[in-house]
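These notes are about the structure you will find just below.
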Amino acid sequence: MATTHHLEVHPILPERLFRLSDLAYNLYYSWSRPVRDRFDVIDPDTWARVDGNPVRFLQRVPQTKLDAAAADPAFLAEFDAVIEQFDRYLSDAHPQPLKHAVGDGQTVAYCCAEFGFHESLPIYSGGLGILAGDHCKAASDLGLPLVGVGLLYRQGYFRQYIDADGNQHARFEDLDFEQLPIRRVVRDEAPVTVGVDLAGRTVRLQVWQATVGRVPVYLLDADLPENRTEDREITHRLYGGNRRTRIEQEILLGVGGVRTLRALGITPDAWHINEGHAAFSILERVAELTETGLAFGPALDAVAAATLFTTHTPVPAGHDVFPAELVDEYWKPQLAHLGLDREGLQALGHDPAHDSHFNMTALALRGSRQHNGVSRLHGEVAARLSQAFWPEVPAEENPITHVTNGVHVETFLNRDLGRLFDSMRRDWREHLHEPAIANLVEGTDPARLWSMHLSAKAHLVADIRARLAEQAERFGQSHIRLKRKCRVLDQGVDDVLLVGFARRFATYKRADLLFADRDRLARLIESSPRPLVFVFAGKAHPADEPGQALLREISKIAEEPRFAGHVLLLEGYDMGMARRLVAGCDVWLNTPEYPMEASGTSGQKAGINGALNLSVADGWWAEGHSHRQGVANGWVIQPSPEPQDGEEAADLLDLLESEVIPLFDQRDAQGLPTRWVEWLRHAIGTTLPRFNAARMVRDYATDHYGPAIEAGQRLAADDHELARGINAFRQTLDSQWRHVEADLIGEPPAVIESDDALALDVAIHSPGLAADNLCCEAVLTTDAGDRQVVRGEQLQADAEKETATHRIPLPEGLSGIVEYQLRVVPTHEALVHPYELGRMRWL
C-alpha cells in the first residue's frame, strides 16, 4: 500500500487585507466581536473548523475566499472601520486614567502560571488563568503599563472527553505554536532565549510573546533541541507531572521570568505575584542585589517592598509545598549568590501553622509587603489562615487585605447587550467602574430585555444539542436516545427554566449537592409548571479521583429515566462553552463548601448577562447579593455554621420550589415574565459596575501598585539605606522586644461628659530600642460594636533611662459605653503596612 503524505498549502494574503495578520496576532480579537466577525464573514465554514483561531484561519482559508473579500466593497468598508477602531485602541491617545498610581515610564510585572485569554490559546486550566487573562485585558483597556510573564505549555491543559459510563478521559495533544496567536521574540535577528540553572545543569528557554491589546505577555518554552529530553518536557503540561516537575516549572517561571524581562531591557517598578507558583522570582531578584554586595536581609526587604502577592484559594491543595530535600537539591548551588545558608532558605518557606515542607505561599508572604485575597470574605479567611505569620496581631488587622475579583465585560457579555449599551452610551467601556453604569439597562423595555436573553438562550440550546449529538455519535447511541436527552430542551427556550453549573470539578465545589435528596428533586421536576433543565460542565484534574467520581455520579444520574433530559452533562468545557453558558442560562448555580470559595467569577459573568445567581453566600456572592423593594439579583443559600450538606441541600430545593420556579412561571397577558425581567435587570445593574475587571485593576493600581512603586523606590534610594535600616531594626526588635514594658499613667475617670476632652497617657520602658520606634494605640469599641484604633503621640523621651511617655487623645463624638484597650507597636519609616513586623504588646 502506498504511503500517504500530507501537504498544507497556505494562502497568500492580498495586499488589501494584509492587516488581517495584525488582527490575528493580537488577542484583542478575543473580546472584539467586530474583529471576529471579519474572519467569519470571509469564510464561515473555515472559521467554524478552526474553532475561532484567526491564525489557523489564515493558514487554512481558501485563496479564492480571500481574493473575493479583497474585491468586495462592502466587506472592505467594514474591514477598514475595524482597522481604524483597532489602531485607535492601540494608540497612545487612548485614555490612561491610572497615571496617578503608575506614572510615565513605570511598569508593573504580572507573574502567573497560567493565562486564559481565549480557547484558541489553551494554556489555562480554569479560574486562576481566566482571571489572569481578564486582568491583562483590563490593564490594556485602561492603558496601565503592565507586562505579563508565564509559561508556554506544549500540551496546554487537556481536552476532556467523557465516555458513556461517565469516565473522564484526558487527552493531551501537542500544540503547534506556529498555529497559535503568539510569536517568537527576536532581537538582532536572533530568537531571545534565557538560561536557568536546575540542579547543576542549564535549561534554555525560548521566549514567545502573546499580545493582549496593548499588554505584552511573555511565555517561556523549554521545548528546545539544545535541552535534554527530560528538560524539554518540563513545560509540556500545565499542572502536570510529579513534585519534581512542579518545582522545576516554578523555578523556570520565577527565575526565568525575571531573567526574561532583564534580557528584554524591562525593569519593572512593581511586581505582582499572582498565586504562589511564581514566588521563586523573589529569590532571583534578591540574588541580583546580593551579587552587588548588599546583604541578604536588606535585599529581601528591598524586593519585598515592591512586591504584591495575591492568594486565590483557602484550599490546602491550592498551595504548592515541596519536601525540604527537594528544595535543597535545586537551591543549594544558589545559596552563595544569595548570601544565605540552608536554614535561612528553609525558613523562608516555613509555614508556622503546618509541617516542615517548603511552602510557596509562605515564601510569597515573606517576600512581599502587600498581600490580598480575592473577595471581602476570602480576605478575612486568608488573614485568619495566615495569622501565624504575624502572631501578635489580630487577624482582622494583619497585612492581608482584599481586592474582589471582577470579569472582563466585553469578553463575556452577550452580543445583544453589547449593542444595547452602545446605543445607550458610546463610551460605556471607559466608565465601567462608575455606579451610574447601571443606568444602561434601567430604562430598557422589559420585552426587549427578555428578547435579548432568549436570543442568547437559543444559541446556547443549539450548542448544547450539537454537543450532545456529537457525544452520542461517539458513544454509538441511537437517535432515539439522543432525542430523549433533548426532549425537554425542545419544549422552547421561553418555557424552559435553564439552570447552569459549570466550573472545575473539585469536591469542595459540591456539584452533587443538588442531588442530596434525589426523590425530592424528582418530585420537584415532575411538579414544576415549567420544564426544568440542569446543565453541568467542568473538568476534574487528571489526578483528582474524587473529582472524577463526581463526574461519573452526575453522568449516571442523567441517565436515570426520571432525570432524562432534565439533567445534562457536557464534555469539553473551555472558555468558548463558558461564554455561551453564562450568556444563555436563566439561573447560575454555585454550591461550594463554605468558606472554600475564594471568589467564583463565573457567577459574575452570568450576572452581567442577567442570569440570576442561586449560590451559597461564599466568595464574591457574600458581598454581591442585592435585594431591595422586592427585587433581587438572585438567591442566597445560607451556609451552615458547621458543614451540613443535608441542610444546605434542603435549602437549595426549598428556594427552587418556593421562589425560583414560581418567579419564572409568573407571566403577564402577553406571556412575558415581567417580574423575572425586573430581577434580570437588577442582576445586570448590580453586577456590572461592581464586579468588572476594570474596577478590579483600578483597585490594584491605586491601592497596591502605586504604594509598591513608592515603597520600592524609597528602600532602594541612596544605596538601599532605608532597606538596611529596616533590616537592622528588625534584628534589634527580635532580640529586644521581649523587654518592652508599658503602663497606663493614672486612672482615667469612669464617666465623662460628651464634650469633655480626655487623653490617656502611657509610660513605656524599652531597653535596647529607640523611643521613636515605638508608638501607643487605643482600640475603642462602642456598645454598638463599632471599632476604632487611635494612635498616640510621644510627649517626651529619656534616652538614658530608655523611657518615653505617650499620649492618646480620645476622639470627639463618643457616646454610651466605650471599651478601650491599649497596646504598644513598633514602627519604622520603611513600613508599608503598620503591623507588618508582627509585634504587638497589649497593656
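Chains: A, B, ... in order of the C-alpha cells. Residues: from 1 per chain. Ligands: from 1, in order shown.
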
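By only C-alpha atoms, and with residues fewer than 4 positions from Val286 in chain A along its chain excluded, the set lying at most 8 Å from it is Ile282, Thr290, Phe296, Ala299, Leu300, Val303 and Leu338 of chain A.
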
**Study point:** Selection: 7 Å around range 433-435 of chain A, only C-alpha atoms, excl. self and same-chain fewer than 4 positions, as a PyMOL selection string
**Key:** chain A and resi 689-690+694-695

Got time to write the residues from that selection, N, CA and C atoms, as a PDB file, in the first residue's frame?
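Contents of out-v4.pdb, as written:
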ATOM      1  N   PRO A 689     -21.383  47.235  37.476  1.00  0.00           N
ATOM      2  CA  PRO A 689     -20.472  48.278  37.955  1.00  0.00           C
ATOM      3  C   PRO A 689     -19.489  47.809  39.025  1.00  0.00           C
ATOM      4  N   ARG A 690     -19.858  46.798  39.791  1.00  0.00           N
ATOM      5  CA  ARG A 690     -19.045  46.419  40.954  1.00  0.00           C
ATOM      6  C   ARG A 690     -18.091  45.273  40.687  1.00  0.00           C
ATOM      7  N   ALA A 694     -12.221  46.106  35.072  1.00  0.00           N
ATOM      8  CA  ALA A 694     -11.713  47.474  35.059  1.00  0.00           C
ATOM      9  C   ALA A 694     -11.696  48.039  36.474  1.00  0.00           C
ATOM     10  N   ARG A 695     -12.776  47.815  37.231  1.00  0.00           N
ATOM     11  CA  ARG A 695     -12.783  48.242  38.636  1.00  0.00           C
ATOM     12  C   ARG A 695     -11.702  47.524  39.415  1.00  0.00           C
TER      13      ARG A 695
END

Check your understanding: Restricting the calculation to only C-alpha atoms, which member of A:Arg429, A:Arg243, A:Lys332, A:Lys65 is positioned closest to Asn692 in chain A?
Key -> A:Arg429

Exercise for review: One decimal, Å: what's the distance from CA of Thr732 in chain A over to CA of Ala324 in chain A, could you say?
Suggested key: 28.8 Å

Practice item. Determine which residues of range 27-265 of chain A receive a DSSP assignment of strand (DSSP E or B), computed from the backbone, and state them as a PyMOL selection string. Key: chain A and resi 108-111+146-151+159-162+168-171+183-184+186-187+190-191+193-198+201-212+215-221

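For the set A:Leu264, A:Val207, A:Val660, A:Ala543, the residue with the smallest atom-to-atom gap to Asn633 in chain A is A:Val660, counting only C-alpha atoms.
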
Which residues come within 9 Å of Ala139 in chain A, counting only C-alpha atoms, excluding same-chain residues fewer than 3 positions away, as a PDB file with all heavy atoms, in the first residue's frame?
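File written: result28.pdb
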ATOM      1  N   ASP A 134      -8.184  38.164  32.174  1.00  0.00           N
ATOM      2  CA  ASP A 134      -9.041  39.339  32.328  1.00  0.00           C
ATOM      3  C   ASP A 134      -8.261  40.515  32.907  1.00  0.00           C
ATOM      4  O   ASP A 134      -8.511  41.677  32.563  1.00  0.00           O
ATOM      5  CB  ASP A 134     -10.224  39.002  33.226  1.00  0.00           C
ATOM      6  CG  ASP A 134     -11.308  38.209  32.508  1.00  0.00           C
ATOM      7  OD1 ASP A 134     -11.092  37.840  31.332  1.00  0.00           O
ATOM      8  OD2 ASP A 134     -12.365  37.949  33.104  1.00  0.00           O
ATOM      9  N   HIS A 135      -7.331  40.229  33.803  1.00  0.00           N
ATOM     10  CA  HIS A 135      -6.501  41.276  34.394  1.00  0.00           C
ATOM     11  C   HIS A 135      -5.691  41.977  33.302  1.00  0.00           C
ATOM     12  O   HIS A 135      -5.628  43.219  33.262  1.00  0.00           O
ATOM     13  CB  HIS A 135      -5.559  40.647  35.431  1.00  0.00           C
ATOM     14  CG  HIS A 135      -4.910  41.637  36.351  1.00  0.00           C
ATOM     15  ND1 HIS A 135      -5.266  41.784  37.667  1.00  0.00           N
ATOM     16  CD2 HIS A 135      -3.910  42.533  36.138  1.00  0.00           C
ATOM     17  CE1 HIS A 135      -4.519  42.726  38.228  1.00  0.00           C
ATOM     18  NE2 HIS A 135      -3.685  43.184  37.321  1.00  0.00           N
ATOM     19  N   CYS A 136      -5.080  41.191  32.420  1.00  0.00           N
ATOM     20  CA  CYS A 136      -4.292  41.767  31.333  1.00  0.00           C
ATOM     21  C   CYS A 136      -5.168  42.564  30.370  1.00  0.00           C
ATOM     22  O   CYS A 136      -4.782  43.645  29.894  1.00  0.00           O
ATOM     23  CB  CYS A 136      -3.547  40.664  30.575  1.00  0.00           C
ATOM     24  SG  CYS A 136      -2.280  39.823  31.542  1.00  0.00           S
ATOM     25  N   LEU A 142      -7.284  50.098  30.160  1.00  0.00           N
ATOM     26  CA  LEU A 142      -7.035  51.271  30.989  1.00  0.00           C
ATOM     27  C   LEU A 142      -5.705  51.946  30.689  1.00  0.00           C
ATOM     28  O   LEU A 142      -5.380  52.968  31.297  1.00  0.00           O
ATOM     29  CB  LEU A 142      -7.075  50.870  32.474  1.00  0.00           C
ATOM     30  CG  LEU A 142      -8.439  50.414  32.996  1.00  0.00           C
ATOM     31  CD1 LEU A 142      -8.297  49.725  34.341  1.00  0.00           C
ATOM     32  CD2 LEU A 142      -9.385  51.599  33.107  1.00  0.00           C
ATOM     33  N   GLY A 143      -4.933  51.366  29.782  1.00  0.00           N
ATOM     34  CA  GLY A 143      -3.630  51.931  29.479  1.00  0.00           C
ATOM     35  C   GLY A 143      -2.615  51.748  30.582  1.00  0.00           C
ATOM     36  O   GLY A 143      -1.631  52.489  30.664  1.00  0.00           O
ATOM     37  N   LEU A 144      -2.824  50.768  31.452  1.00  0.00           N
ATOM     38  CA  LEU A 144      -1.886  50.512  32.538  1.00  0.00           C
ATOM     39  C   LEU A 144      -0.642  49.823  31.979  1.00  0.00           C
ATOM     40  O   LEU A 144      -0.751  48.796  31.305  1.00  0.00           O
ATOM     41  CB  LEU A 144      -2.540  49.619  33.597  1.00  0.00           C
ATOM     42  CG  LEU A 144      -1.667  49.259  34.801  1.00  0.00           C
ATOM     43  CD1 LEU A 144      -1.494  50.470  35.707  1.00  0.00           C
ATOM     44  CD2 LEU A 144      -2.281  48.105  35.591  1.00  0.00           C
ATOM     45  N   PRO A 145       0.546  50.347  32.236  1.00  0.00           N
ATOM     46  CA  PRO A 145       1.773  49.731  31.704  1.00  0.00           C
ATOM     47  C   PRO A 145       2.133  48.452  32.452  1.00  0.00           C
ATOM     48  O   PRO A 145       2.914  48.459  33.396  1.00  0.00           O
ATOM     49  CB  PRO A 145       2.830  50.822  31.898  1.00  0.00           C
ATOM     50  CG  PRO A 145       2.322  51.646  33.027  1.00  0.00           C
ATOM     51  CD  PRO A 145       0.824  51.619  32.938  1.00  0.00           C
ATOM     52  N   LEU A 146       1.541  47.368  32.033  1.00  0.00           N
ATOM     53  CA  LEU A 146       1.717  46.076  32.675  1.00  0.00           C
ATOM     54  C   LEU A 146       2.319  45.103  31.674  1.00  0.00           C
ATOM     55  O   LEU A 146       2.014  45.149  30.481  1.00  0.00           O
ATOM     56  CB  LEU A 146       0.358  45.571  33.181  1.00  0.00           C
ATOM     57  CG  LEU A 146       0.314  44.221  33.909  1.00  0.00           C
ATOM     58  CD1 LEU A 146      -0.590  44.319  35.148  1.00  0.00           C
ATOM     59  CD2 LEU A 146      -0.208  43.126  33.000  1.00  0.00           C
ATOM     60  N   ARG A 214      -2.799  46.140  24.308  1.00  0.00           N
ATOM     61  CA  ARG A 214      -1.548  46.885  24.455  1.00  0.00           C
ATOM     62  C   ARG A 214      -0.610  46.274  25.496  1.00  0.00           C
ATOM     63  O   ARG A 214       0.419  46.867  25.825  1.00  0.00           O
ATOM     64  CB  ARG A 214      -1.873  48.335  24.834  1.00  0.00           C
ATOM     65  CG  ARG A 214      -2.622  49.063  23.725  1.00  0.00           C
ATOM     66  CD  ARG A 214      -2.784  50.539  24.029  1.00  0.00           C
ATOM     67  NE  ARG A 214      -3.726  50.785  25.095  1.00  0.00           N
ATOM     68  CZ  ARG A 214      -3.850  51.970  25.705  1.00  0.00           C
ATOM     69  NH1 ARG A 214      -3.063  52.959  25.361  1.00  0.00           N
ATOM     70  NH2 ARG A 214      -4.754  52.132  26.643  1.00  0.00           N
ATOM     71  N   VAL A 215      -0.967  45.103  26.002  1.00  0.00           N
ATOM     72  CA  VAL A 215      -0.161  44.457  27.044  1.00  0.00           C
ATOM     73  C   VAL A 215       0.604  43.275  26.456  1.00  0.00           C
ATOM     74  O   VAL A 215      -0.001  42.364  25.887  1.00  0.00           O
ATOM     75  CB  VAL A 215      -1.063  43.977  28.199  1.00  0.00           C
ATOM     76  CG1 VAL A 215      -0.307  43.041  29.129  1.00  0.00           C
ATOM     77  CG2 VAL A 215      -1.613  45.171  28.966  1.00  0.00           C
ATOM     78  N   ALA A 693     -13.595  43.768  35.626  1.00  0.00           N
ATOM     79  CA  ALA A 693     -12.134  43.755  35.751  1.00  0.00           C
ATOM     80  C   ALA A 693     -11.540  45.151  35.710  1.00  0.00           C
ATOM     81  O   ALA A 693     -10.454  45.380  36.261  1.00  0.00           O
ATOM     82  CB  ALA A 693     -11.527  42.886  34.651  1.00  0.00           C
ATOM     83  N   ALA A 694     -12.221  46.106  35.072  1.00  0.00           N
ATOM     84  CA  ALA A 694     -11.713  47.474  35.059  1.00  0.00           C
ATOM     85  C   ALA A 694     -11.696  48.039  36.474  1.00  0.00           C
ATOM     86  O   ALA A 694     -10.720  48.673  36.897  1.00  0.00           O
ATOM     87  CB  ALA A 694     -12.569  48.344  34.137  1.00  0.00           C
ATOM     88  N   VAL A 697      -8.786  46.209  38.382  1.00  0.00           N
ATOM     89  CA  VAL A 697      -7.439  46.684  38.061  1.00  0.00           C
ATOM     90  C   VAL A 697      -7.222  48.095  38.599  1.00  0.00           C
ATOM     91  O   VAL A 697      -6.119  48.438  39.052  1.00  0.00           O
ATOM     92  CB  VAL A 697      -7.193  46.592  36.549  1.00  0.00           C
ATOM     93  CG1 VAL A 697      -5.890  47.289  36.165  1.00  0.00           C
ATOM     94  CG2 VAL A 697      -7.137  45.122  36.116  1.00  0.00           C
ATOM     95  N   ARG A 698      -8.257  48.926  38.576  1.00  0.00           N
ATOM     96  CA  ARG A 698      -8.138  50.247  39.199  1.00  0.00           C
ATOM     97  C   ARG A 698      -7.810  50.105  40.680  1.00  0.00           C
ATOM     98  O   ARG A 698      -6.961  50.838  41.217  1.00  0.00           O
ATOM     99  CB  ARG A 698      -9.444  51.024  39.028  1.00  0.00           C
ATOM    100  CG  ARG A 698      -9.653  51.639  37.660  1.00  0.00           C
ATOM    101  CD  ARG A 698     -11.030  52.270  37.557  1.00  0.00           C
ATOM    102  NE  ARG A 698     -11.253  52.909  36.277  1.00  0.00           N
ATOM    103  CZ  ARG A 698     -10.999  54.188  36.004  1.00  0.00           C
ATOM    104  NH1 ARG A 698     -10.513  54.959  36.957  1.00  0.00           N
ATOM    105  NH2 ARG A 698     -11.226  54.689  34.810  1.00  0.00           N
TER     106      ARG A 698
END

Review point. Running DSSP on the backbone, which parts of range 45-262 of chain A land in helix (DSSP H, G or I), as a PyMOL selection string?
Key: chain A and resi 45-49+54-60+63-70+73-90+127-142+177-179+229-232+243-262

Range 119-125 of chain A surroundings by only C-alpha atoms, 8 Å radius, close-in-sequence under 4 positions cut, as a PDB file with N, CA, C and O atoms, in the first residue's frame:
ATOM      1  N   ASP A  51     -12.231  26.634  15.111  1.00  0.00           N
ATOM      2  CA  ASP A  51     -12.669  26.963  16.473  1.00  0.00           C
ATOM      3  C   ASP A  51     -12.291  28.381  16.882  1.00  0.00           C
ATOM      4  O   ASP A  51     -11.853  28.631  18.017  1.00  0.00           O
ATOM      5  N   GLY A  52     -12.444  29.309  15.967  1.00  0.00           N
ATOM      6  CA  GLY A  52     -12.233  30.713  16.306  1.00  0.00           C
ATOM      7  C   GLY A  52     -10.790  31.127  16.453  1.00  0.00           C
ATOM      8  O   GLY A  52     -10.498  32.160  17.066  1.00  0.00           O
ATOM      9  N   ASN A  53      -9.852  30.355  15.868  1.00  0.00           N
ATOM     10  CA  ASN A  53      -8.429  30.702  15.914  1.00  0.00           C
ATOM     11  C   ASN A  53      -8.070  31.450  14.630  1.00  0.00           C
ATOM     12  O   ASN A  53      -7.965  30.843  13.560  1.00  0.00           O
ATOM     13  N   GLU A 114      -0.560  30.494  34.673  1.00  0.00           N
ATOM     14  CA  GLU A 114      -1.474  30.239  33.558  1.00  0.00           C
ATOM     15  C   GLU A 114      -2.193  31.525  33.179  1.00  0.00           C
ATOM     16  O   GLU A 114      -2.423  32.400  34.016  1.00  0.00           O
ATOM     17  N   PHE A 115      -2.520  31.624  31.891  1.00  0.00           N
ATOM     18  CA  PHE A 115      -3.274  32.756  31.376  1.00  0.00           C
ATOM     19  C   PHE A 115      -4.378  32.231  30.470  1.00  0.00           C
ATOM     20  O   PHE A 115      -4.110  31.463  29.542  1.00  0.00           O
ATOM     21  N   GLY A 129      -6.369  31.147  35.669  1.00  0.00           N
ATOM     22  CA  GLY A 129      -5.866  31.595  34.378  1.00  0.00           C
ATOM     23  C   GLY A 129      -6.784  32.599  33.706  1.00  0.00           C
ATOM     24  O   GLY A 129      -6.328  33.588  33.122  1.00  0.00           O
ATOM     25  N   ILE A 130      -8.096  32.360  33.776  1.00  0.00           N
ATOM     26  CA  ILE A 130      -9.031  33.283  33.131  1.00  0.00           C
ATOM     27  C   ILE A 130      -9.017  34.620  33.858  1.00  0.00           C
ATOM     28  O   ILE A 130      -9.095  35.684  33.228  1.00  0.00           O
ATOM     29  N   LEU A 152       4.786  28.661  28.519  1.00  0.00           N
ATOM     30  CA  LEU A 152       4.099  28.202  27.314  1.00  0.00           C
ATOM     31  C   LEU A 152       4.136  26.677  27.317  1.00  0.00           C
ATOM     32  O   LEU A 152       5.200  26.070  27.208  1.00  0.00           O
ATOM     33  N   TYR A 153       2.976  26.074  27.449  1.00  0.00           N
ATOM     34  CA  TYR A 153       2.886  24.624  27.616  1.00  0.00           C
ATOM     35  C   TYR A 153       2.638  23.957  26.265  1.00  0.00           C
ATOM     36  O   TYR A 153       1.663  24.261  25.575  1.00  0.00           O
ATOM     37  N   GLY A 156      -0.506  22.250  26.746  1.00  0.00           N
ATOM     38  CA  GLY A 156      -1.510  23.020  27.452  1.00  0.00           C
ATOM     39  C   GLY A 156      -2.081  22.264  28.636  1.00  0.00           C
ATOM     40  O   GLY A 156      -1.372  21.569  29.364  1.00  0.00           O
ATOM     41  N   TYR A 157      -3.390  22.431  28.853  1.00  0.00           N
ATOM     42  CA  TYR A 157      -4.074  21.612  29.839  1.00  0.00           C
ATOM     43  C   TYR A 157      -4.525  20.370  29.083  1.00  0.00           C
ATOM     44  O   TYR A 157      -3.768  19.809  28.296  1.00  0.00           O
ATOM     45  N   LEU A 180      -0.676  29.264  16.681  1.00  0.00           N
ATOM     46  CA  LEU A 180      -1.258  29.978  17.809  1.00  0.00           C
ATOM     47  C   LEU A 180      -1.029  31.472  17.671  1.00  0.00           C
ATOM     48  O   LEU A 180      -0.096  31.909  16.978  1.00  0.00           O
ATOM     49  N   PRO A 181      -1.824  32.288  18.357  1.00  0.00           N
ATOM     50  CA  PRO A 181      -1.665  33.751  18.269  1.00  0.00           C
ATOM     51  C   PRO A 181      -0.511  34.255  19.136  1.00  0.00           C
ATOM     52  O   PRO A 181      -0.677  35.099  20.015  1.00  0.00           O
ATOM     53  N   LEU A 238       0.514  21.930  31.759  1.00  0.00           N
ATOM     54  CA  LEU A 238       0.127  22.778  32.873  1.00  0.00           C
ATOM     55  C   LEU A 238      -0.309  21.895  34.042  1.00  0.00           C
ATOM     56  O   LEU A 238      -1.167  21.014  33.876  1.00  0.00           O
ATOM     57  N   ASP A 574     -14.555  24.610  28.079  1.00  0.00           N
ATOM     58  CA  ASP A 574     -13.497  25.584  27.821  1.00  0.00           C
ATOM     59  C   ASP A 574     -14.110  26.971  27.817  1.00  0.00           C
ATOM     60  O   ASP A 574     -15.299  27.148  28.128  1.00  0.00           O
ATOM     61  N   MET A 575     -13.325  27.977  27.463  1.00  0.00           N
ATOM     62  CA  MET A 575     -13.823  29.348  27.524  1.00  0.00           C
ATOM     63  C   MET A 575     -14.958  29.589  26.547  1.00  0.00           C
ATOM     64  O   MET A 575     -15.879  30.386  26.820  1.00  0.00           O
ATOM     65  N   GLY A 576     -14.916  28.922  25.395  1.00  0.00           N
ATOM     66  CA  GLY A 576     -15.994  29.091  24.429  1.00  0.00           C
ATOM     67  C   GLY A 576     -17.325  28.620  24.975  1.00  0.00           C
ATOM     68  O   GLY A 576     -18.346  29.309  24.871  1.00  0.00           O
TER      69      GLY A 576
END

Review point. Pick from A:Leu252, A:Val82, A:Ala759, A:Ala462: nearest to Ile234 in chain A, with only C-alpha atoms counted?
Key: A:Leu252

Study note, to complete from the structure: Judged by only C-alpha atoms, the minimum distance to Val381 in chain A among A:Arg369, A:Tyr594, A:Gly195, A:Tyr820 is found for A:Tyr594

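Proximity ranking of A:Glu291, A:Glu410, A:Asp416, A:Glu777 relative to Glu430 in chain A places A:Glu410 first, based on only C-alpha atoms.
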
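Across the model, the gap from CA of Thr235 in chain A to CA of Gly276 in chain A is 17.5 Å.
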
Point to revise | Non-local contacts of range 672-676 of chain A (9 Å; only C-alpha atoms; under 3 positions in same chain excluded) as a ChimeraX atom specification | key: /A:446-447,450,631,663-669,679-681

Limited to N, CA and C atoms, could you put the picked residues into a file as a short mmCIF file (atom, residue, chain, number, x, y, z; two decimals), in the first residue's frame?
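The file below, part_28.cif, is the result:
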data_model
loop_
_atom_site.label_atom_id
_atom_site.label_comp_id
_atom_site.auth_asym_id
_atom_site.auth_seq_id
_atom_site.Cartn_x
_atom_site.Cartn_y
_atom_site.Cartn_z
N PRO A 446 -38.94 46.02 29.05
CA PRO A 446 -38.83 44.63 29.52
C PRO A 446 -38.90 43.60 28.39
N ALA A 447 -39.77 43.84 27.42
CA ALA A 447 -39.89 42.88 26.32
C ALA A 447 -38.60 42.80 25.53
N TRP A 450 -36.02 40.79 27.61
CA TRP A 450 -36.34 39.37 27.57
C TRP A 450 -36.01 38.78 26.21
N VAL A 631 -37.14 43.17 44.77
CA VAL A 631 -36.37 42.79 43.58
C VAL A 631 -34.95 42.43 44.01
N LEU A 663 -41.30 32.37 40.46
CA LEU A 663 -40.96 33.65 39.83
C LEU A 663 -40.86 33.51 38.32
N PHE A 664 -40.23 32.43 37.85
CA PHE A 664 -40.08 32.21 36.42
C PHE A 664 -41.44 31.93 35.76
N ASP A 665 -42.32 31.32 36.51
CA ASP A 665 -43.62 30.92 35.96
C ASP A 665 -44.59 32.09 35.82
N GLN A 666 -44.40 33.15 36.58
CA GLN A 666 -45.33 34.28 36.53
C GLN A 666 -45.23 34.98 35.18
N ARG A 667 -46.32 35.06 34.44
CA ARG A 667 -46.35 35.71 33.13
C ARG A 667 -47.53 36.67 33.05
N ASP A 668 -47.34 37.73 32.26
CA ASP A 668 -48.46 38.64 32.05
C ASP A 668 -49.33 38.12 30.90
N ALA A 669 -50.29 38.94 30.48
CA ALA A 669 -51.24 38.50 29.44
C ALA A 669 -50.56 38.19 28.13
N TRP A 679 -35.94 41.30 37.88
CA TRP A 679 -34.79 40.70 38.58
C TRP A 679 -33.59 40.62 37.64
N LEU A 680 -33.83 40.24 36.40
CA LEU A 680 -32.75 40.18 35.40
C LEU A 680 -32.10 41.56 35.25
N ARG A 681 -32.93 42.60 35.17
CA ARG A 681 -32.43 43.97 35.05
C ARG A 681 -31.58 44.33 36.27
#

Check your understanding: Which of these, A:Val499, A:Ile661, A:Ile817, A:Leu224, has the shortest distance to Gly785 in chain A once you count only C-alpha atoms?
Key -> A:Ile817

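Atom to atom, CA of Arg579 in chain A and CA of Tyr218 in chain A stand 25.6 Å apart.
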
Point to revise | Selection: 6 Å around Ala101 in chain A, only C-alpha atoms, excl. self and same-chain fewer than 6 positions, as a VMD selection string | key: chain A and resid 701 to 702 706

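Residues lying within 8 Å of Tyr508 in chain A, counting only C-alpha atoms and ignoring same-chain neighbours fewer than 3 positions away, are A:Pro592, A:Glu593, A:Met596.
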
How about saving the chosen residues, all heavy atoms kept, as a PDB file, in the first residue's frame?
ATOM      1  N   PRO A 592     -20.534  25.841  46.736  1.00  0.00           N
ATOM      2  CA  PRO A 592     -19.272  25.443  47.374  1.00  0.00           C
ATOM      3  C   PRO A 592     -19.447  25.188  48.865  1.00  0.00           C
ATOM      4  O   PRO A 592     -20.395  25.653  49.498  1.00  0.00           O
ATOM      5  CB  PRO A 592     -18.381  26.671  47.141  1.00  0.00           C
ATOM      6  CG  PRO A 592     -19.348  27.815  47.126  1.00  0.00           C
ATOM      7  CD  PRO A 592     -20.563  27.277  46.420  1.00  0.00           C
ATOM      8  N   GLU A 593     -18.501  24.466  49.397  1.00  0.00           N
ATOM      9  CA  GLU A 593     -18.442  24.264  50.846  1.00  0.00           C
ATOM     10  C   GLU A 593     -17.868  25.535  51.472  1.00  0.00           C
ATOM     11  O   GLU A 593     -16.734  25.916  51.194  1.00  0.00           O
ATOM     12  CB  GLU A 593     -17.564  23.050  51.168  1.00  0.00           C
ATOM     13  CG  GLU A 593     -17.439  22.748  52.651  1.00  0.00           C
ATOM     14  CD  GLU A 593     -16.523  21.572  52.915  1.00  0.00           C
ATOM     15  OE1 GLU A 593     -16.436  20.673  52.056  1.00  0.00           O
ATOM     16  OE2 GLU A 593     -15.892  21.559  53.996  1.00  0.00           O
ATOM     17  N   MET A 596     -14.826  27.904  51.363  1.00  0.00           N
ATOM     18  CA  MET A 596     -13.754  27.426  50.493  1.00  0.00           C
ATOM     19  C   MET A 596     -13.699  28.129  49.137  1.00  0.00           C
ATOM     20  O   MET A 596     -12.747  27.965  48.397  1.00  0.00           O
ATOM     21  CB  MET A 596     -13.883  25.917  50.282  1.00  0.00           C
ATOM     22  CG  MET A 596     -13.958  25.113  51.565  1.00  0.00           C
ATOM     23  SD  MET A 596     -12.476  25.302  52.585  1.00  0.00           S
ATOM     24  CE  MET A 596     -11.422  24.068  51.830  1.00  0.00           C
TER      25      MET A 596
END
